[in-house]
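S.K.: What follows is target_33.txt, compact mmCIF, C-alpha atoms.
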```txt
# COMPACT_ATOMS: atom_id res chain seq x y z
CA MET R 1 -6.77 -3.58 15.10
CA ALA R 2 -6.25 -1.62 18.29
CA GLU R 3 -9.05 0.81 19.07
CA ASP R 4 -7.11 2.89 21.62
CA VAL R 5 -4.06 3.69 19.46
CA GLU R 6 -3.66 7.43 19.00
CA PHE R 7 -3.39 8.56 15.39
CA LYS R 8 -0.20 10.53 14.67
CA ALA R 9 1.19 12.09 11.50
CA ILE R 10 4.15 14.28 10.62
CA LEU R 11 6.18 15.33 7.59
CA ALA R 12 9.87 14.49 7.53
CA ARG R 13 12.94 14.76 5.36
CA LYS R 14 15.02 11.69 4.59
CA GLU R 15 18.66 12.16 5.60
CA GLY R 16 20.05 8.72 4.81
CA MET R 17 20.59 5.33 6.45
CA SER R 18 22.60 4.16 9.41
CA GLN R 19 22.62 1.31 11.92
CA VAL R 20 22.11 0.93 15.64
CA PHE R 21 22.33 -1.89 18.14
CA ASP R 22 19.24 -3.18 19.92
CA GLU R 23 19.09 -4.37 23.53
CA ASN R 24 20.21 -7.85 22.44
CA GLY R 25 23.28 -6.54 20.64
CA ASN R 26 21.87 -7.13 17.16
CA VAL R 27 22.56 -4.64 14.37
CA VAL R 28 19.41 -2.90 13.12
CA ALA R 29 19.41 -0.95 9.85
CA VAL R 30 17.57 2.36 10.29
CA THR R 31 16.62 5.37 8.20
CA VAL R 32 17.39 8.77 9.70
CA LEU R 33 14.57 11.31 9.32
CA THR R 34 14.39 14.97 10.25
CA ALA R 35 10.76 14.99 11.41
CA GLY R 36 9.14 18.41 11.79
CA PRO R 37 8.58 20.74 13.30
CA CYS R 38 5.35 21.05 11.33
CA VAL R 39 2.72 23.70 11.92
CA VAL R 40 -1.01 22.92 11.79
CA THR R 41 -2.47 25.22 9.13
CA GLN R 42 -6.04 23.89 8.93
CA MET R 43 -8.36 21.42 10.65
CA LYS R 44 -11.32 19.86 8.86
CA ALA R 45 -14.25 18.18 10.59
CA LYS R 46 -16.82 15.70 9.33
CA ASP R 47 -19.73 17.92 10.36
CA THR R 48 -18.60 20.89 8.26
CA ASP R 49 -16.36 19.42 5.55
CA GLY R 50 -17.60 15.85 5.20
CA TYR R 51 -14.43 14.25 6.57
CA ASP R 52 -11.82 14.67 9.30
CA SER R 53 -8.31 15.78 8.38
CA VAL R 54 -5.36 17.90 9.42
CA GLN R 55 -3.36 20.13 7.09
CA MET R 56 0.24 20.74 8.07
CA GLY R 57 3.05 22.89 6.75
CA PHE R 58 6.70 21.88 6.65
CA LEU R 59 9.97 23.72 5.95
CA ALA R 60 9.91 27.44 6.76
CA GLN R 61 9.84 29.81 3.80
CA LYS R 62 10.02 33.56 3.29
CA PRO R 63 6.47 34.92 2.73
CA GLN R 64 7.52 36.81 -0.41
CA ARG R 65 8.55 33.53 -2.04
CA LEU R 66 5.08 32.02 -1.77
CA ALA R 67 2.35 32.34 -4.36
CA LYS R 68 -0.04 35.14 -3.46
CA PRO R 69 -3.01 32.85 -2.58
CA GLN R 70 -0.82 30.80 -0.23
CA ARG R 71 0.64 33.91 1.39
CA ILE R 72 -2.78 35.48 1.97
CA GLU R 73 -4.18 32.21 3.35
CA ALA R 74 -1.30 31.92 5.83
CA GLU R 75 -1.82 35.53 6.94
CA LYS R 76 -5.55 34.97 7.46
CA ARG R 77 -4.94 31.94 9.67
CA GLY R 78 -2.04 33.50 11.52
CA VAL R 79 0.42 30.72 10.72
CA PRO R 80 4.01 31.03 9.44
CA ALA R 81 4.80 30.63 5.76
CA THR R 82 5.95 27.13 4.81
CA ARG R 83 7.31 25.62 1.63
CA LEU R 84 5.13 22.49 1.70
CA LEU R 85 1.50 21.88 2.65
CA ARG R 86 0.03 18.40 3.07
CA GLU R 87 -3.43 17.31 4.14
CA VAL R 88 -3.77 14.01 6.00
CA ARG R 89 -7.03 12.18 6.56
CA THR R 90 -7.62 11.21 10.18
CA PRO R 91 -9.90 8.53 11.67
CA GLY R 92 -11.65 11.16 13.80
CA PRO R 93 -11.22 14.62 15.31
CA LEU R 94 -7.58 15.28 16.18
CA ASP R 95 -6.74 17.01 19.44
CA ARG R 96 -4.86 19.83 17.73
CA ASN R 97 -5.58 23.46 16.83
CA VAL R 98 -4.49 25.74 14.02
CA GLY R 99 -1.05 27.11 14.84
CA ASP R 100 0.06 24.14 16.95
CA GLU R 101 3.46 22.60 16.27
CA LEU R 102 3.87 18.91 15.56
CA LYS R 103 7.28 17.65 16.66
CA CYS R 104 9.09 14.34 16.52
CA ASP R 105 8.57 13.74 20.26
CA TRP R 106 4.90 13.09 19.47
CA PHE R 107 6.14 9.62 18.50
CA VAL R 108 7.68 7.12 20.90
CA PRO R 109 9.96 4.12 20.28
CA GLY R 110 7.90 1.11 19.33
CA ASP R 111 5.26 3.01 17.35
CA LYS R 112 4.33 1.37 14.04
CA VAL R 113 4.11 3.81 11.13
CA ASP R 114 3.34 3.76 7.43
CA ILE R 115 5.66 5.95 5.36
CA VAL R 116 4.44 7.58 2.15
CA GLY R 117 7.00 8.93 -0.30
CA GLU R 118 8.02 9.11 -3.93
CA CYS R 119 10.42 6.42 -5.10
CA LYS R 120 13.53 7.30 -7.06
CA GLY R 121 12.97 8.08 -10.74
CA ARG R 122 14.95 5.78 -13.05
CA GLY R 123 14.17 7.48 -16.36
CA PHE R 124 12.99 5.84 -19.57
CA MET R 125 13.28 2.04 -19.62
CA GLY R 126 12.75 -0.57 -22.30
CA GLY R 127 10.51 -3.60 -21.96
CA VAL R 128 13.32 -5.91 -20.86
CA ARG R 129 14.18 -3.74 -17.85
CA ALA R 130 10.69 -2.45 -17.03
CA TRP R 131 8.68 -5.66 -17.47
CA ASN R 132 11.30 -8.40 -17.41
CA PHE R 133 10.75 -9.36 -21.06
CA ALA R 134 12.99 -12.23 -22.20
CA GLY R 135 14.03 -10.55 -25.44
CA LYS R 136 14.31 -12.16 -28.85
CA ARG R 137 16.87 -14.51 -30.40
CA ARG R 138 20.41 -13.26 -30.75
CA SER R 139 21.10 -15.31 -33.87
CA HIS R 140 20.22 -15.27 -37.61
CA GLY R 141 20.85 -11.59 -38.11
CA ASN R 142 18.36 -10.30 -35.54
CA MET R 143 19.00 -6.54 -35.15
CA ASP R 144 16.28 -5.91 -32.54
CA GLN R 145 17.05 -8.35 -29.76
CA ARG R 146 15.68 -6.14 -26.92
CA GLY R 147 12.72 -4.75 -28.84
CA PRO R 148 9.11 -5.51 -27.77
CA GLY R 149 8.06 -7.37 -30.93
CA ALA R 150 4.48 -7.23 -32.22
CA ILE R 151 2.24 -4.96 -30.15
CA GLY R 152 -1.17 -5.18 -31.84
CA MET R 153 -3.49 -7.01 -34.25
CA HIS R 154 -3.81 -6.53 -38.00
CA THR R 155 -7.51 -6.43 -38.97
CA TYR R 156 -9.52 -6.41 -35.75
CA PRO R 157 -9.45 -4.37 -33.59
CA GLY R 158 -6.60 -2.84 -35.57
CA ARG R 159 -5.09 -0.91 -32.70
CA VAL R 160 -2.89 -1.30 -29.64
CA LEU R 161 -4.97 -2.30 -26.62
CA LYS R 162 -4.85 -0.14 -23.53
CA GLY R 163 -2.54 -1.41 -20.81
CA LYS R 164 -0.09 -3.01 -23.22
CA ARG R 165 3.28 -3.43 -21.52
CA MET R 166 5.72 -1.31 -23.48
CA PRO R 167 8.83 0.83 -22.90
CA THR R 168 7.90 3.41 -20.28
CA HIS R 169 9.06 5.80 -17.61
CA TRP R 170 10.18 3.85 -14.57
CA GLY R 171 10.04 5.06 -10.97
CA GLY R 172 9.01 8.45 -9.63
CA GLU R 173 5.79 6.98 -8.22
CA ARG R 174 4.03 7.42 -4.88
CA ILE R 175 4.74 4.44 -2.66
CA THR R 176 3.50 3.51 0.81
CA SER R 177 5.91 1.39 2.86
CA LYS R 178 4.02 -0.20 5.74
CA ASN R 179 4.61 -1.15 9.36
CA HIS R 180 7.97 0.43 10.10
CA ALA R 181 8.91 0.48 13.77
CA VAL R 182 10.15 3.70 15.35
CA VAL R 183 13.51 2.73 16.85
CA ALA R 184 14.58 6.00 18.50
CA VAL R 185 13.37 9.56 19.01
CA GLN R 186 15.88 12.42 19.38
CA PRO R 187 13.97 15.65 20.17
CA GLU R 188 17.13 17.76 20.50
CA THR R 189 17.80 17.34 16.76
CA ASN R 190 14.21 16.70 15.57
CA THR R 191 15.32 13.25 14.46
CA LEU R 192 13.46 9.96 14.16
CA LEU R 193 15.09 6.61 13.47
CA VAL R 194 12.80 4.09 11.78
CA LYS R 195 13.62 0.49 11.06
CA GLY R 196 14.46 -0.46 7.49
CA SER R 197 14.65 1.45 4.22
CA ILE R 198 11.94 3.80 2.98
CA PRO R 199 10.97 5.23 -0.43
CA GLY R 200 12.73 8.24 -1.92
CA SER R 201 16.14 9.74 -2.33
CA ARG R 202 18.22 11.55 0.26
CA GLY R 203 16.64 14.93 0.99
CA GLY R 204 13.18 13.83 -0.15
CA VAL R 205 10.09 14.62 1.91
CA VAL R 206 7.98 11.76 3.26
CA LEU R 207 4.83 11.47 5.35
CA LEU R 208 4.80 9.37 8.51
CA ARG R 209 1.43 8.31 9.87
CA THR R 210 0.21 5.69 12.30
CA ALA R 211 0.07 2.35 10.50
CA ARG R 212 -3.31 1.27 9.14
CA SER R 213 -2.71 -2.08 10.83
CA GLN R 214 -2.86 -0.23 14.16
CA VAL R 215 -5.76 2.17 13.53
CA TYR R 216 -8.18 2.54 10.62
CA VAL R 217 -7.50 5.61 8.48
CA PRO R 218 -9.82 6.55 5.58
CA LYS R 219 -8.09 6.58 2.22
CA GLY R 220 -7.34 9.93 0.64
```
Can you present the structure in this file as structure tokens?
M.R.:
Amino acid sequence: MAEDVEFKAILARKEGMSQVFDENGNVVAVTVLTAGPCVVTQMKAKDTDGYDSVQMGFLAQKPQRLAKPQRIEAEKRGVPATRLLREVRTPGPLDRNVGDELKCDWFVPGDKVDIVGECKGRGFMGGVRAWNFAGKRRSHGNMDQRGPGAIGMHTYPGRVLKGKRMPTHWGGERITSKNHAVVAVQPETNTLLVKGSIPGSRGGVVLLRTARSQVYVPKG
């Protein structure tokens, strides 16, 4: 773990995937992200709040479209209205102030980042698809080949145990994809290119932060 790696974080919108060529002529699959600009809306310190963090806003919004508490809070702090607010734990005090802008040029090619997003929702799935159940026999008049079968006991404890694998909603979960390399930074279009695929659908908002393998970040 590198002690001198600066912690960085920014909110971004996933635009899709593309490919670029590296210096050796190899094709590299990349995800295109519109990263920032984000505005710092609040800074928390361990001495006063018990932990260090930065709160940032992303995607400009008309003040009248915000809930009243959010609108009043933005006016008090003198920051523009934004559609999204996210708080990110930091390993220590961050050299930023309320009202500062966080842009994509904060990152440089070669940075390793963890990307937090929500994976695509796949709807309601049966046990065969969700848990890779084998299913039952297809012969002898079986009318429930993809059903889960018995799910509990008869006399004791006489109920379905918690955690039983059953048909369920699949996807739509928070996922952290680790150790993506920043391939290119394009400040003129607020664009970052990161290696590989990341969670979420096109247009979804994700959080980029310095990889935990590079610098320790408290969970939260």
S.K.: Hey, what's within 9 Å of range 10-21 of chain R if we count only C-alpha atoms and toss same-chain stuff fewer than 3 positions away? As a count of residues only, please?
M.R.: 40
S.K.: Grab the CA of Thr168 in chain R to CA of Met143 in chain R distance for me, in Å with one decimal place.
M.R.: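 Atom-to-atom, CA of Thr168 in chain R to CA of Met143 in chain R, that is 21.1 Å.
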S.K.: Would you work out the distance separating CA of Gln214 in chain R from CA of Gly171 in chain R, expressed in Å to one decimal?
M.R.: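 Calculated distance between CA of Gln214 in chain R and CA of Gly171 in chain R is 28.7 Å.
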S.K.: Mind checking which residues fall within 6 Å of range 177-180 of chain R, counting all atoms listed in the file, ignoring those fewer than 2 positions away in the same chain, and posting them as a ChimeraX atom specification?
M.R.: /R:112-115,195,211
S.K.: Using only C-alpha atoms, which of R:Gly172, R:Gly50, R:Gly163, R:Gly135 sits nearest Gly92 in chain R?
M.R.: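 Of R:Gly172, R:Gly50, R:Gly163, R:Gly135, the one nearest Gly92 in chain R, counting only C-alpha atoms, is R:Gly50.
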S.K.: Using only C-alpha atoms, which protein or nucleic acid residues come within 12 Å of range 67-78 of chain R? Drop anything in the same chain fewer than 4 positions from it, and give the result as a list in words.
M.R.: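 Counting only C-alpha atoms, the residues come to Val39, Val40, Thr41, Gln42, Met43, Met56, Gly57, Gln61, Lys62, Pro63, Thr82, Arg83, Leu84, Leu85, Asn97, Val98, Gly99 and Asp100 of chain R.
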S.K.: So how many Å separate CA of Arg174 in chain R and CA of Cys119 in chain R, to one decimal?
M.R.: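 The value is 6.5 Å.
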S.K.: Could you check which of R:Ser139, R:Thr176, R:Asn132, R:Thr90 is closest to Pro199 in chain R, using only C-alpha atoms?
M.R.: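 Closest to Pro199 in chain R of all the choices is R:Thr176.
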S.K.: Set the distance at 7 Å and use all atoms listed in the file: which residues neighbour Trp170 in chain R once local chain neighbours fewer than 2 positions away are removed? I'd like the list as a tab-separated table (two decimals) with C-alpha atoms, keeping the file's coordinate frame.
M.R.:
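Contents of the output file around03.tsv:
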```tsv
chain	number	residue	atom	x	y	z
R	121	GLY	CA	12.97	8.08	-10.74
R	122	ARG	CA	14.95	5.78	-13.05
R	123	GLY	CA	14.17	7.48	-16.36
R	124	PHE	CA	12.99	5.84	-19.57
R	125	MET	CA	13.28	2.04	-19.62
R	130	ALA	CA	10.69	-2.45	-17.03
R	168	THR	CA	7.90	3.41	-20.28
R	172	GLY	CA	9.01	8.45	-9.63
```
S.K.: Nearest to Gly110 in chain R among R:Asp47, R:Thr210, R:Pro91, R:Val79, with distances taken over all atoms listed in the file: which residue is it?
M.R.: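 Ranking R:Asp47, R:Thr210, R:Pro91, R:Val79 by distance to Gly110 in chain R, first place goes to R:Thr210.
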S.K.: Between R:Pro109, R:Gly117, R:Gly126, R:Gly141, single out the one closest to Val182 in chain R, counting all atoms listed in the file.
M.R.: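 Among the listed residues, R:Pro109 lies closest to Val182 in chain R.
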S.K.: When you write range 34-54 of chain R out from the block above, keep N, CA and C atoms and present the result as a PDB file, in the first residue's frame, please.
M.R.:
```pdb
ATOM      1  N   THR R  34     -18.362  10.615 -18.379  1.00  0.00           N
ATOM      2  CA  THR R  34     -18.387  12.060 -18.215  1.00  0.00           C
ATOM      3  C   THR R  34     -18.210  12.349 -16.733  1.00  0.00           C
ATOM      4  N   ALA R  35     -17.008  12.736 -16.334  1.00  0.00           N
ATOM      5  CA  ALA R  35     -16.644  12.884 -14.930  1.00  0.00           C
ATOM      6  C   ALA R  35     -16.686  14.354 -14.521  1.00  0.00           C
ATOM      7  N   GLY R  36     -17.655  14.705 -13.651  1.00  0.00           N
ATOM      8  CA  GLY R  36     -17.766  16.071 -13.188  1.00  0.00           C
ATOM      9  C   GLY R  36     -18.285  16.989 -14.276  1.00  0.00           C
ATOM     10  N   PRO R  37     -18.169  18.310 -14.034  1.00  0.00           N
ATOM     11  CA  PRO R  37     -17.626  18.871 -12.789  1.00  0.00           C
ATOM     12  C   PRO R  37     -18.565  18.681 -11.607  1.00  0.00           C
ATOM     13  N   CYS R  38     -17.958  18.390 -10.454  1.00  0.00           N
ATOM     14  CA  CYS R  38     -18.694  18.263  -9.199  1.00  0.00           C
ATOM     15  C   CYS R  38     -18.327  19.445  -8.304  1.00  0.00           C
ATOM     16  N   VAL R  39     -19.263  19.867  -7.491  1.00  0.00           N
ATOM     17  CA  VAL R  39     -19.015  20.967  -6.573  1.00  0.00           C
ATOM     18  C   VAL R  39     -18.975  20.410  -5.155  1.00  0.00           C
ATOM     19  N   VAL R  40     -17.996  20.850  -4.375  1.00  0.00           N
ATOM     20  CA  VAL R  40     -17.890  20.431  -2.976  1.00  0.00           C
ATOM     21  C   VAL R  40     -18.942  21.179  -2.169  1.00  0.00           C
ATOM     22  N   THR R  41     -19.864  20.443  -1.557  1.00  0.00           N
ATOM     23  CA  THR R  41     -20.961  21.060  -0.813  1.00  0.00           C
ATOM     24  C   THR R  41     -20.764  21.004   0.694  1.00  0.00           C
ATOM     25  N   GLN R  42     -19.891  20.111   1.166  1.00  0.00           N
ATOM     26  CA  GLN R  42     -19.641  20.021   2.610  1.00  0.00           C
ATOM     27  C   GLN R  42     -18.349  19.256   2.853  1.00  0.00           C
ATOM     28  N   MET R  43     -17.612  19.671   3.880  1.00  0.00           N
ATOM     29  CA  MET R  43     -16.418  18.958   4.318  1.00  0.00           C
ATOM     30  C   MET R  43     -16.606  18.562   5.773  1.00  0.00           C
ATOM     31  N   LYS R  44     -16.337  17.316   6.105  1.00  0.00           N
ATOM     32  CA  LYS R  44     -16.417  16.842   7.480  1.00  0.00           C
ATOM     33  C   LYS R  44     -15.025  16.469   7.967  1.00  0.00           C
ATOM     34  N   ALA R  45     -14.776  16.743   9.248  1.00  0.00           N
ATOM     35  CA  ALA R  45     -13.467  16.482   9.836  1.00  0.00           C
ATOM     36  C   ALA R  45     -13.618  15.569  11.045  1.00  0.00           C
ATOM     37  N   LYS R  46     -12.580  14.814  11.323  1.00  0.00           N
ATOM     38  CA  LYS R  46     -12.633  13.854  12.425  1.00  0.00           C
ATOM     39  C   LYS R  46     -12.802  14.551  13.768  1.00  0.00           C
ATOM     40  N   ASP R  47     -12.232  15.736  13.918  1.00  0.00           N
ATOM     41  CA  ASP R  47     -12.305  16.437  15.199  1.00  0.00           C
ATOM     42  C   ASP R  47     -13.728  16.866  15.530  1.00  0.00           C
ATOM     43  N   THR R  48     -14.502  17.255  14.529  1.00  0.00           N
ATOM     44  CA  THR R  48     -15.839  17.791  14.771  1.00  0.00           C
ATOM     45  C   THR R  48     -16.955  16.795  14.466  1.00  0.00           C
ATOM     46  N   ASP R  49     -16.734  15.913  13.492  1.00  0.00           N
ATOM     47  CA  ASP R  49     -17.799  14.999  13.068  1.00  0.00           C
ATOM     48  C   ASP R  49     -17.495  13.530  13.347  1.00  0.00           C
ATOM     49  N   GLY R  50     -16.288  13.228  13.790  1.00  0.00           N
ATOM     50  CA  GLY R  50     -15.938  11.846  14.090  1.00  0.00           C
ATOM     51  C   GLY R  50     -15.294  11.101  12.943  1.00  0.00           C
ATOM     52  N   TYR R  51     -15.311  11.670  11.747  1.00  0.00           N
ATOM     53  CA  TYR R  51     -14.669  11.040  10.590  1.00  0.00           C
ATOM     54  C   TYR R  51     -14.439  12.105   9.527  1.00  0.00           C
ATOM     55  N   ASP R  52     -13.538  11.784   8.598  1.00  0.00           N
ATOM     56  CA  ASP R  52     -13.231  12.699   7.490  1.00  0.00           C
ATOM     57  C   ASP R  52     -14.029  12.283   6.252  1.00  0.00           C
ATOM     58  N   SER R  53     -14.614  13.266   5.576  1.00  0.00           N
ATOM     59  CA  SER R  53     -15.338  12.965   4.349  1.00  0.00           C
ATOM     60  C   SER R  53     -15.519  14.237   3.542  1.00  0.00           C
ATOM     61  N   VAL R  54     -15.907  14.038   2.298  1.00  0.00           N
ATOM     62  CA  VAL R  54     -16.247  15.154   1.413  1.00  0.00           C
ATOM     63  C   VAL R  54     -17.611  14.856   0.797  1.00  0.00           C
TER      64      VAL R  54
END
```
